[in-house]
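Data block below; observations after.
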Amino acid sequence: MKGKIKGNEDKKAFRRTKCWIDFRKKLIEERGTYCQCCGKKTKILDCHHTDEEHYTDLNPDKFFLVCKMCHKCISSLEMIKPENRYKIRSKEWVDFYSKFIIT
């Protein structure tokens with residue numbers, strides 16, 4: 001399946017552990033219920049990990065709490081091949097990209 005993350009089943013299993021649930025809960029308690037991307041207040045926030053390959057690394061600095069729409073945008077940007085990233089021209093997109101995507 002295109003775009004499927006290697007080890008996705010392991011990742012899903014990890015996201016059901018007490019360790020992950022407690023970590024996510026603490027992150028939301030500390031940062032509040034606002035999307036760190038667009039600022040929208042929402043009850044449902046996704047935890048975006050900037051280093052998805054190392055999803056068990058729970059360093060809070062590697063996470064952003066984002067709404068579903070922003071998470072979808074971030075995930076789409078991550079799929080851009082590194083050699084095509086220079087083609088992003090808009091300052092707003094470059095700022096967004098540099099904040100949420102590790103190159």
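Lettering and numbering for the structure tokens are positional, with chains as A, B, ... in the shown order, residues counted from 1 in each chain, and ligands counted from 1 in the shown order.
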
Any idea what's packed within 7 Å of A:Phe64, counting only C-alpha atoms, ignoring anything in its chain fewer than 6 positions away? Could you give it as a ChimeraX atom specification? /A:36,47-49

I want to know what sits within 10 Å of A:Arg24, based on only C-alpha atoms, with residues of the same chain fewer than 5 positions away left out; could you give that as JSON, numbers by chain? {"A": [15, 18, 19, 29, 30, 45, 46, 47, 58, 60, 63, 65]}

Sel. of helix (DSSP H, G or I) residues, stretch 14-87 of chain A, as a VMD selection string: chain A and resid 14 18 to 31 52 to 54 60 to 62 68 to 78 82 to 87

Take the residues from that selection and write them out as a compact mmCIF listing (two decimals), in the first residue's frame, keeping N, CA, C and O atoms.
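Written output follows (out08.txt):
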```txt
# COMPACT_ATOMS: atom_id res chain seq x y z
N PHE A 14 1.91 0.07 19.93
CA PHE A 14 2.57 0.98 20.88
C PHE A 14 1.62 2.08 21.32
O PHE A 14 1.58 2.46 22.49
N LYS A 18 -0.02 1.83 27.95
CA LYS A 18 -0.20 2.80 29.03
C LYS A 18 0.85 3.90 28.94
O LYS A 18 0.55 5.08 29.17
N CYS A 19 2.05 3.52 28.57
CA CYS A 19 3.15 4.49 28.43
C CYS A 19 2.76 5.60 27.45
O CYS A 19 2.89 6.78 27.75
N TRP A 20 2.27 5.22 26.27
CA TRP A 20 1.88 6.21 25.25
C TRP A 20 0.67 7.02 25.71
O TRP A 20 0.65 8.24 25.58
N ILE A 21 -0.34 6.35 26.25
CA ILE A 21 -1.56 7.03 26.67
C ILE A 21 -1.24 8.07 27.74
O ILE A 21 -1.72 9.21 27.68
N ASP A 22 -0.41 7.71 28.71
CA ASP A 22 -0.02 8.65 29.77
C ASP A 22 0.80 9.80 29.20
O ASP A 22 0.62 10.96 29.60
N PHE A 23 1.71 9.50 28.29
CA PHE A 23 2.54 10.54 27.68
C PHE A 23 1.66 11.55 26.93
O PHE A 23 1.81 12.76 27.10
N ARG A 24 0.74 11.06 26.12
CA ARG A 24 -0.15 11.93 25.33
C ARG A 24 -1.01 12.79 26.26
O ARG A 24 -1.16 13.99 26.04
N LYS A 25 -1.55 12.18 27.29
CA LYS A 25 -2.39 12.90 28.24
C LYS A 25 -1.59 14.04 28.91
O LYS A 25 -2.07 15.16 29.03
N LYS A 26 -0.37 13.74 29.33
CA LYS A 26 0.48 14.75 29.97
C LYS A 26 0.80 15.88 28.99
O LYS A 26 0.79 17.06 29.36
N LEU A 27 1.07 15.54 27.75
CA LEU A 27 1.38 16.55 26.72
C LEU A 27 0.20 17.51 26.55
O LEU A 27 0.38 18.73 26.50
N ILE A 28 -1.00 16.97 26.49
CA ILE A 28 -2.20 17.80 26.33
C ILE A 28 -2.43 18.65 27.58
O ILE A 28 -2.77 19.84 27.48
N GLU A 29 -2.21 18.08 28.76
CA GLU A 29 -2.36 18.85 30.00
C GLU A 29 -1.38 20.03 30.03
O GLU A 29 -1.73 21.13 30.47
N GLU A 30 -0.16 19.80 29.57
CA GLU A 30 0.86 20.86 29.60
C GLU A 30 0.64 21.92 28.53
O GLU A 30 0.88 23.10 28.77
N ARG A 31 0.22 21.50 27.35
CA ARG A 31 0.14 22.43 26.22
C ARG A 31 -1.26 22.97 25.95
O ARG A 31 -1.41 23.92 25.19
N GLU A 52 9.03 10.15 12.95
CA GLU A 52 8.10 9.02 12.91
C GLU A 52 8.80 7.66 12.91
O GLU A 52 8.28 6.69 13.44
N GLU A 53 9.98 7.62 12.33
CA GLU A 53 10.72 6.37 12.28
C GLU A 53 11.07 5.85 13.67
O GLU A 53 11.19 4.66 13.90
N HIS A 54 11.23 6.77 14.60
CA HIS A 54 11.56 6.42 15.98
C HIS A 54 10.37 6.75 16.88
O HIS A 54 10.51 7.52 17.85
N PRO A 60 9.34 15.06 24.46
CA PRO A 60 8.26 16.01 24.16
C PRO A 60 8.63 17.05 23.09
O PRO A 60 7.75 17.54 22.39
N ASP A 61 9.91 17.37 22.97
CA ASP A 61 10.35 18.33 21.96
C ASP A 61 10.14 17.83 20.54
O ASP A 61 10.20 18.61 19.59
N LYS A 62 9.90 16.54 20.38
CA LYS A 62 9.70 15.96 19.05
C LYS A 62 8.23 15.84 18.67
O LYS A 62 7.90 15.25 17.66
N LYS A 68 -6.83 17.76 13.25
CA LYS A 68 -6.85 16.76 12.16
C LYS A 68 -6.44 17.38 10.83
O LYS A 68 -5.69 16.78 10.07
N MET A 69 -6.95 18.57 10.52
CA MET A 69 -6.66 19.21 9.23
C MET A 69 -5.17 19.55 9.10
O MET A 69 -4.55 19.27 8.08
N CYS A 70 -4.60 20.12 10.13
CA CYS A 70 -3.17 20.46 10.08
C CYS A 70 -2.32 19.19 10.02
O CYS A 70 -1.31 19.15 9.32
N HIS A 71 -2.74 18.15 10.75
CA HIS A 71 -1.98 16.90 10.72
C HIS A 71 -1.98 16.31 9.31
O HIS A 71 -0.96 15.81 8.83
N LYS A 72 -3.10 16.43 8.64
CA LYS A 72 -3.19 15.94 7.26
C LYS A 72 -2.23 16.73 6.36
O LYS A 72 -1.53 16.15 5.52
N CYS A 73 -2.19 18.04 6.53
CA CYS A 73 -1.27 18.88 5.74
C CYS A 73 0.19 18.52 6.02
O CYS A 73 0.99 18.39 5.09
N ILE A 74 0.52 18.37 7.29
CA ILE A 74 1.89 18.03 7.67
C ILE A 74 2.29 16.69 7.07
O ILE A 74 3.37 16.54 6.50
N SER A 75 1.40 15.71 7.19
CA SER A 75 1.69 14.37 6.65
C SER A 75 1.88 14.42 5.14
O SER A 75 2.74 13.73 4.59
N SER A 76 1.08 15.24 4.47
CA SER A 76 1.23 15.38 3.01
C SER A 76 2.58 15.99 2.65
O SER A 76 3.24 15.56 1.72
N LEU A 77 2.99 17.00 3.41
CA LEU A 77 4.29 17.63 3.16
C LEU A 77 5.44 16.66 3.37
O LEU A 77 6.43 16.69 2.66
N GLU A 78 5.29 15.79 4.36
CA GLU A 78 6.36 14.82 4.63
C GLU A 78 6.56 13.86 3.47
O GLU A 78 7.63 13.28 3.33
N PRO A 82 12.72 14.57 -0.83
CA PRO A 82 13.70 15.61 -0.45
C PRO A 82 14.21 16.44 -1.64
O PRO A 82 14.40 17.64 -1.51
N GLU A 83 14.42 15.80 -2.79
CA GLU A 83 14.94 16.55 -3.93
C GLU A 83 13.92 17.53 -4.52
O GLU A 83 14.28 18.41 -5.29
N ASN A 84 12.65 17.43 -4.13
CA ASN A 84 11.62 18.34 -4.63
C ASN A 84 11.24 19.41 -3.61
O ASN A 84 10.46 20.30 -3.91
N ARG A 85 11.80 19.32 -2.40
CA ARG A 85 11.41 20.27 -1.35
C ARG A 85 11.79 21.70 -1.68
O ARG A 85 11.13 22.63 -1.24
N TYR A 86 12.83 21.90 -2.47
CA TYR A 86 13.26 23.26 -2.83
C TYR A 86 12.22 23.96 -3.69
O TYR A 86 12.23 25.18 -3.83
N LYS A 87 11.28 23.23 -4.26
CA LYS A 87 10.27 23.80 -5.14
C LYS A 87 9.17 24.52 -4.37
O LYS A 87 8.36 25.21 -4.97
```

So which residues touch A:Cys35 within 8 Å, counting only C-alpha atoms, skipping near sequence neighbours fewer than 2 positions away, as an NGL selection string? :A and (33 or 37-42 or 45 or 65-67)

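For the pair atom CA of A:Lys12 and atom CA of A:Asp57, the separation is 14.5 Å.
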